[in-house]
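What's in input.cif: mmCIF, C-alpha atoms
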```cif
data_data
#
loop_
_atom_site.group_PDB
_atom_site.id
_atom_site.type_symbol
_atom_site.label_atom_id
_atom_site.label_comp_id
_atom_site.auth_asym_id
_atom_site.auth_seq_id
_atom_site.Cartn_x
_atom_site.Cartn_y
_atom_site.Cartn_z
ATOM 1 C CA MET F 25 25.266 -21.573 -2.618
ATOM 2 C CA ASN F 26 28.196 -21.884 -4.989
ATOM 3 C CA ARG F 27 27.541 -20.387 -8.413
ATOM 4 C CA LYS F 28 28.510 -23.672 -10.106
ATOM 5 C CA TYR F 29 25.472 -25.311 -8.579
ATOM 6 C CA LEU F 30 23.225 -22.793 -10.327
ATOM 7 C CA TYR F 31 24.178 -24.369 -13.658
ATOM 8 C CA VAL F 32 23.192 -27.779 -12.290
ATOM 9 C CA ILE F 33 19.923 -26.413 -10.920
ATOM 10 C CA ALA F 34 19.132 -24.817 -14.282
ATOM 11 C CA ALA F 35 19.968 -28.085 -16.052
ATOM 12 C CA VAL F 36 17.665 -30.049 -13.764
ATOM 13 C CA ILE F 37 14.825 -27.519 -14.063
ATOM 14 C CA TRP F 38 15.015 -27.743 -17.874
ATOM 15 C CA GLY F 39 16.167 -31.350 -18.288
ATOM 16 C CA ILE F 40 13.699 -33.351 -16.225
ATOM 17 C CA PRO F 41 10.627 -31.825 -17.916
ATOM 18 C CA GLY F 42 12.421 -32.306 -21.234
ATOM 19 C CA ILE F 43 12.724 -36.041 -20.650
ATOM 20 C CA ILE F 44 9.125 -36.366 -19.436
ATOM 21 C CA ILE F 45 7.730 -34.349 -22.356
ATOM 22 C CA THR F 46 9.820 -36.298 -24.874
ATOM 23 C CA PHE F 47 8.416 -39.609 -23.676
ATOM 24 C CA LYS F 48 4.873 -38.235 -23.792
ATOM 25 C CA GLY F 49 5.467 -37.169 -27.388
ATOM 26 C CA ILE F 50 6.926 -40.531 -28.356
ATOM 27 C CA ASN F 51 3.989 -42.344 -26.721
ATOM 28 C CA ALA F 52 1.552 -40.114 -28.612
ATOM 29 C CA TYR F 53 3.350 -40.990 -31.866
ATOM 30 C CA GLY F 54 2.713 -44.653 -31.119
ATOM 31 C CA ILE F 55 -1.056 -44.279 -31.476
ATOM 32 C CA GLN F 56 -0.983 -42.257 -34.702
ATOM 33 C CA PRO F 57 -2.126 -43.848 -37.980
ATOM 34 C CA SER F 58 0.860 -44.643 -40.181
ATOM 35 C CA GLU F 59 -0.454 -42.608 -43.131
ATOM 36 C CA SER F 60 -0.223 -39.379 -41.112
ATOM 37 C CA LEU F 61 3.296 -39.910 -39.793
ATOM 38 C CA TRP F 62 5.082 -38.061 -42.621
ATOM 39 C CA TRP F 63 3.370 -34.740 -41.931
ATOM 40 C CA LEU F 64 3.678 -35.201 -38.172
ATOM 41 C CA LEU F 65 7.419 -35.653 -38.630
ATOM 42 C CA LEU F 66 7.536 -32.418 -40.644
ATOM 43 C CA ILE F 67 5.654 -30.566 -37.913
ATOM 44 C CA THR F 68 7.964 -32.049 -35.278
ATOM 45 C CA ALA F 69 10.989 -30.869 -37.284
ATOM 46 C CA ALA F 70 9.514 -27.361 -37.436
ATOM 47 C CA VAL F 71 8.833 -27.387 -33.678
ATOM 48 C CA LEU F 72 12.372 -28.662 -32.996
ATOM 49 C CA THR F 73 13.836 -25.866 -35.103
ATOM 50 C CA ALA F 74 11.698 -23.151 -33.523
ATOM 51 C CA PHE F 75 12.504 -24.227 -29.968
ATOM 52 C CA PHE F 76 16.195 -24.679 -30.813
ATOM 53 C CA LEU F 77 16.404 -21.080 -31.998
ATOM 54 C CA MET F 78 14.414 -19.768 -29.045
ATOM 55 C CA PHE F 79 16.092 -21.821 -26.309
ATOM 56 C CA ARG F 80 19.599 -21.203 -27.661
ATOM 57 C CA ARG F 81 19.209 -17.473 -27.017
ATOM 58 C CA ILE F 82 17.578 -17.987 -23.628
ATOM 59 C CA VAL F 83 20.213 -20.459 -22.401
ATOM 60 C CA ASN F 84 23.045 -18.199 -23.560
ATOM 61 C CA ARG F 85 21.482 -15.271 -21.724
ATOM 62 C CA TYR F 86 20.962 -17.284 -18.527
ATOM 63 C CA CYS F 87 24.500 -18.703 -18.653
ATOM 64 C CA GLU F 88 25.913 -15.205 -19.011
ATOM 65 C CA ARG F 89 23.797 -14.126 -16.059
ATOM 66 C CA ILE F 90 24.987 -17.008 -13.887
ATOM 67 C CA ALA F 91 28.630 -16.397 -14.880
ATOM 68 C CA SER F 92 28.341 -12.751 -13.850
ATOM 69 C CA LEU F 93 27.024 -13.580 -10.367
ATOM 70 C CA PRO F 94 29.336 -13.676 -7.337
ATOM 71 C CA ASP F 95 30.502 -17.077 -6.094
ATOM 72 C CA LYS F 96 28.013 -17.243 -3.222
ATOM 73 C CA VAL F 97 24.413 -16.636 -4.293
ATOM 74 C CA MET F 98 20.888 -17.702 -3.437
ATOM 75 C CA ILE F 99 19.105 -20.419 -5.418
ATOM 76 C CA TRP F 100 16.418 -18.097 -6.799
ATOM 77 C CA GLN F 101 19.150 -16.079 -8.540
ATOM 78 C CA THR F 102 19.527 -18.914 -11.072
ATOM 79 C CA PHE F 103 17.092 -17.116 -13.380
ATOM 80 C CA PRO F 104 15.815 -13.555 -13.540
ATOM 81 C CA VAL F 105 12.220 -12.906 -12.436
ATOM 82 C CA ARG F 106 11.100 -13.103 -16.082
ATOM 83 C CA GLY F 107 12.687 -16.560 -16.310
ATOM 84 C CA TRP F 108 10.807 -17.851 -13.282
ATOM 85 C CA ILE F 109 7.578 -16.388 -14.669
ATOM 86 C CA LEU F 110 8.251 -18.149 -17.987
ATOM 87 C CA ILE F 111 8.831 -21.468 -16.207
ATOM 88 C CA VAL F 112 5.615 -21.160 -14.173
ATOM 89 C CA PHE F 113 3.656 -20.116 -17.280
ATOM 90 C CA MET F 114 4.989 -23.033 -19.351
ATOM 91 C CA MET F 115 4.245 -25.520 -16.571
ATOM 92 C CA GLY F 116 0.744 -24.139 -16.154
ATOM 93 C CA LEU F 117 0.136 -24.210 -19.890
ATOM 94 C CA GLY F 118 1.356 -27.789 -20.111
ATOM 95 C CA MET F 119 -0.883 -28.921 -17.271
ATOM 96 C CA THR F 120 -3.851 -27.073 -18.738
ATOM 97 C CA LEU F 121 -3.383 -28.592 -22.202
ATOM 98 C CA LYS F 122 -3.189 -32.048 -20.654
ATOM 99 C CA TYR F 123 -6.757 -31.769 -19.369
ATOM 100 C CA ILE F 124 -8.389 -30.370 -22.505
ATOM 101 C CA PRO F 125 -9.906 -33.398 -24.263
ATOM 102 C CA GLU F 126 -10.352 -31.565 -27.582
ATOM 103 C CA ILE F 127 -6.602 -31.409 -28.185
ATOM 104 C CA PRO F 128 -5.791 -34.124 -30.719
ATOM 105 C CA SER F 129 -3.096 -36.687 -29.973
ATOM 106 C CA ALA F 130 -1.414 -35.707 -33.264
ATOM 107 C CA PHE F 131 -0.751 -32.243 -31.797
ATOM 108 C CA THR F 132 0.630 -33.812 -28.621
ATOM 109 C CA ALA F 133 2.886 -36.102 -30.647
ATOM 110 C CA ALA F 134 4.338 -33.384 -32.869
ATOM 111 C CA PHE F 135 4.587 -30.623 -30.260
ATOM 112 C CA ASN F 136 5.954 -32.682 -27.369
ATOM 113 C CA SER F 137 8.407 -34.541 -29.620
ATOM 114 C CA GLY F 138 9.821 -31.154 -30.593
ATOM 115 C CA LEU F 139 9.696 -29.374 -27.245
ATOM 116 C CA GLY F 140 11.020 -32.189 -25.040
ATOM 117 C CA PRO F 141 14.324 -32.871 -26.797
ATOM 118 C CA MET F 142 15.089 -29.154 -27.026
ATOM 119 C CA LEU F 143 14.477 -28.705 -23.294
ATOM 120 C CA PHE F 144 16.791 -31.624 -22.581
ATOM 121 C CA LEU F 145 19.496 -30.366 -24.973
ATOM 122 C CA SER F 146 19.238 -26.962 -23.315
ATOM 123 C CA SER F 147 19.921 -28.616 -19.980
ATOM 124 C CA VAL F 148 23.039 -30.191 -21.474
ATOM 125 C CA ARG F 149 24.133 -26.725 -22.619
ATOM 126 C CA PHE F 150 23.790 -25.420 -19.057
ATOM 127 C CA ILE F 151 26.155 -28.150 -17.864
ATOM 128 C CA SER F 152 28.607 -27.561 -20.716
ATOM 129 C CA ASN F 153 28.738 -23.849 -19.845
ATOM 130 C CA MET F 154 29.509 -24.533 -16.203
ATOM 131 C CA LYS F 155 32.655 -22.660 -15.164
#
```

Have the structure of the file written as structure tokens, please.
Amino acid sequence: MNRKYLYVIAAVIWGIPGIIITFKGINAYGIQPSESLWWLLLITAAVLTAFFLMFRRIVNRYCERIASLPDKVMIWQTFPVRGWILIVFMMGLGMTLKYIPEIPSAFTAAFNSGLGPMLFLSSVRFISNMK
């Protein structure tokens, strides 16, 4: 597989969940009482900032890794083993949290509205780093 496709694969792996999670967060915001929206927006801003700082480093590291690979590589070389473990862990955590009824919708609104856009913006960064 051409190395350029690894950037696209990385963008898809990060971008599609980003879009899905963003819409789940926005939908959860829709059922929140209006008097609690100000603090939910503050929490969302904090989550956005935290994931921006974290994902910026990760995406830079993965882009450097992809750029250093030869032109013909296998698809699983898109991320290091730790990256694949992180993806599986995050997916498992997300699915687990979905089925825990004690998690308040306010948490879902604030957390998903912060995580989703940062995943999607990270996918855009993969595409913009494509060489």

_Counting all atoms listed in the file, the residue of F:Tyr53, F:Trp38, F:Tyr29, F:Phe79 that sits nearest Ser137 of chain F_ = F:Tyr53

*Non-local contacts of Val83 of chain F (9 Å; all atoms listed in the file; under 6 positions in same chain excluded) as a PyMOL selection string*: chain F and resi 146-147+149-150

_Need the shell around segment 54-59 of chain F: protein/DNA/RNA residues with any atom at most 10 Å away, counting all atoms listed in the file. Skip same-chain ones fewer than 4 positions apart. Format as a list in words?_
Lys48, Gly49, Ile50, Trp63, Leu64, Ser129, Ala130 and Ala133 of chain F

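Put simply, the PyMOL selection byres ((chain F and resi 91) around 10) on this file hits F:Arg27, F:Lys28, F:Leu30, F:Tyr31, F:Arg85, F:Tyr86, F:Cys87, F:Glu88, F:Arg89, F:Ile90, F:Ser92, F:Leu93, F:Pro94, F:Asp95, F:Asn153, F:Met154, F:Lys155.
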
*Residues matched by the PyMOL selection byres ((chain F and resi 135) around 9), written as an MDAnalysis selection string*: chainID F and resid 49 67:68 71:72 130:134 136:140

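Across the structure, atom CA of Val112 of chain F and atom CA of Asn84 of chain F are spaced 20.0 Å apart.
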
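Distance-wise, atom CA of Leu110 of chain F and atom CA of Arg81 of chain F end up 14.2 Å apart.
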
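The set of residues that the PyMOL selection byres ((chain F and resi 42) around 9) takes from this file is Ile37, Trp38, Gly39, Ile40, Pro41, Ile43, Ile44, Ile45, Thr46, Phe47, Asn136, Leu139, Gly140, Pro141, Met142, Leu143, Phe144, Leu145, Ser146 and Ser147 of chain F.
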
Those selected residues, please, written with C-alpha atoms and delivered as an mmCIF file, in the coordinates of the input.
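Output file again_34.cif is given in full below:
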```
data_model
loop_
_atom_site.group_PDB
_atom_site.id
_atom_site.type_symbol
_atom_site.label_atom_id
_atom_site.label_comp_id
_atom_site.auth_asym_id
_atom_site.auth_seq_id
_atom_site.Cartn_x
_atom_site.Cartn_y
_atom_site.Cartn_z
ATOM 1 C CA ILE F 37 14.825 -27.519 -14.063
ATOM 2 C CA TRP F 38 15.015 -27.743 -17.874
ATOM 3 C CA GLY F 39 16.167 -31.350 -18.288
ATOM 4 C CA ILE F 40 13.699 -33.351 -16.225
ATOM 5 C CA PRO F 41 10.627 -31.825 -17.916
ATOM 6 C CA ILE F 43 12.724 -36.041 -20.650
ATOM 7 C CA ILE F 44 9.125 -36.366 -19.436
ATOM 8 C CA ILE F 45 7.730 -34.349 -22.356
ATOM 9 C CA THR F 46 9.820 -36.298 -24.874
ATOM 10 C CA PHE F 47 8.416 -39.609 -23.676
ATOM 11 C CA ASN F 136 5.954 -32.682 -27.369
ATOM 12 C CA LEU F 139 9.696 -29.374 -27.245
ATOM 13 C CA GLY F 140 11.020 -32.189 -25.040
ATOM 14 C CA PRO F 141 14.324 -32.871 -26.797
ATOM 15 C CA MET F 142 15.089 -29.154 -27.026
ATOM 16 C CA LEU F 143 14.477 -28.705 -23.294
ATOM 17 C CA PHE F 144 16.791 -31.624 -22.581
ATOM 18 C CA LEU F 145 19.496 -30.366 -24.973
ATOM 19 C CA SER F 146 19.238 -26.962 -23.315
ATOM 20 C CA SER F 147 19.921 -28.616 -19.980
#
```

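Closest to Ile82 of chain F among F:Met98, F:Met25, F:Ile111, F:Leu66 is F:Ile111, based on only C-alpha atoms.
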
*Please measure the separation of atom CA of Ala70 of chain F and atom CA of Met114 of chain F, giving the value in Å to one decimal.*
19.1 Å

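If all atoms listed in the file are the atoms counted, then among F:Ala52, F:Asn26, F:Met78, F:Ile33 the closest residue to Val97 of chain F is F:Asn26.
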
To box segment 41-56 of chain F, take all atoms listed in the file, fit an axis-aligned box, add 5 Å on each side, and give centre and edge lengths in Å to one decimal, as AutoDock Vina command-line options.
```
--center_x 5.8 --center_y -38.2 --center_z -26.3 --size_x 23.8 --size_y 22.8 --size_z 26.8
```

N, CA and C atoms are needed for segment 43-55 of chain F; please write them out as a PDB file, in the frame of the given file.
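Final file, selection.pdb:
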```pdb
ATOM      1  N   ILE F  43      12.812 -34.578 -20.530  1.00  0.00           N
ATOM      2  CA  ILE F  43      12.724 -36.041 -20.650  1.00  0.00           C
ATOM      3  C   ILE F  43      11.272 -36.495 -20.576  1.00  0.00           C
ATOM      4  N   ILE F  44      10.532 -35.974 -19.607  1.00  0.00           N
ATOM      5  CA  ILE F  44       9.125 -36.366 -19.436  1.00  0.00           C
ATOM      6  C   ILE F  44       8.310 -36.018 -20.685  1.00  0.00           C
ATOM      7  N   ILE F  45       8.490 -34.799 -21.183  1.00  0.00           N
ATOM      8  CA  ILE F  45       7.730 -34.349 -22.356  1.00  0.00           C
ATOM      9  C   ILE F  45       8.109 -35.149 -23.594  1.00  0.00           C
ATOM     10  N   THR F  46       9.392 -35.484 -23.734  1.00  0.00           N
ATOM     11  CA  THR F  46       9.820 -36.298 -24.874  1.00  0.00           C
ATOM     12  C   THR F  46       9.118 -37.646 -24.883  1.00  0.00           C
ATOM     13  N   PHE F  47       9.075 -38.303 -23.736  1.00  0.00           N
ATOM     14  CA  PHE F  47       8.416 -39.609 -23.676  1.00  0.00           C
ATOM     15  C   PHE F  47       6.919 -39.503 -23.933  1.00  0.00           C
ATOM     16  N   LYS F  48       6.295 -38.430 -23.487  1.00  0.00           N
ATOM     17  CA  LYS F  48       4.873 -38.235 -23.792  1.00  0.00           C
ATOM     18  C   LYS F  48       4.665 -38.067 -25.292  1.00  0.00           C
ATOM     19  N   GLY F  49       5.561 -37.340 -25.939  1.00  0.00           N
ATOM     20  CA  GLY F  49       5.467 -37.169 -27.388  1.00  0.00           C
ATOM     21  C   GLY F  49       5.673 -38.472 -28.138  1.00  0.00           C
ATOM     22  N   ILE F  50       6.657 -39.240 -27.710  1.00  0.00           N
ATOM     23  CA  ILE F  50       6.926 -40.531 -28.356  1.00  0.00           C
ATOM     24  C   ILE F  50       5.738 -41.473 -28.171  1.00  0.00           C
ATOM     25  N   ASN F  51       5.171 -41.493 -26.966  1.00  0.00           N
ATOM     26  CA  ASN F  51       3.989 -42.344 -26.721  1.00  0.00           C
ATOM     27  C   ASN F  51       2.817 -41.909 -27.587  1.00  0.00           C
ATOM     28  N   ALA F  52       2.640 -40.609 -27.765  1.00  0.00           N
ATOM     29  CA  ALA F  52       1.552 -40.114 -28.612  1.00  0.00           C
ATOM     30  C   ALA F  52       1.787 -40.487 -30.073  1.00  0.00           C
ATOM     31  N   TYR F  53       3.039 -40.539 -30.502  1.00  0.00           N
ATOM     32  CA  TYR F  53       3.350 -40.990 -31.866  1.00  0.00           C
ATOM     33  C   TYR F  53       2.917 -42.436 -32.073  1.00  0.00           C
ATOM     34  N   GLY F  54       3.035 -43.229 -31.011  1.00  0.00           N
ATOM     35  CA  GLY F  54       2.713 -44.653 -31.119  1.00  0.00           C
ATOM     36  C   GLY F  54       1.271 -44.948 -31.453  1.00  0.00           C
ATOM     37  N   ILE F  55       0.357 -44.017 -31.197  1.00  0.00           N
ATOM     38  CA  ILE F  55      -1.056 -44.279 -31.476  1.00  0.00           C
ATOM     39  C   ILE F  55      -1.538 -43.567 -32.745  1.00  0.00           C
TER      40      ILE F  55
END
```
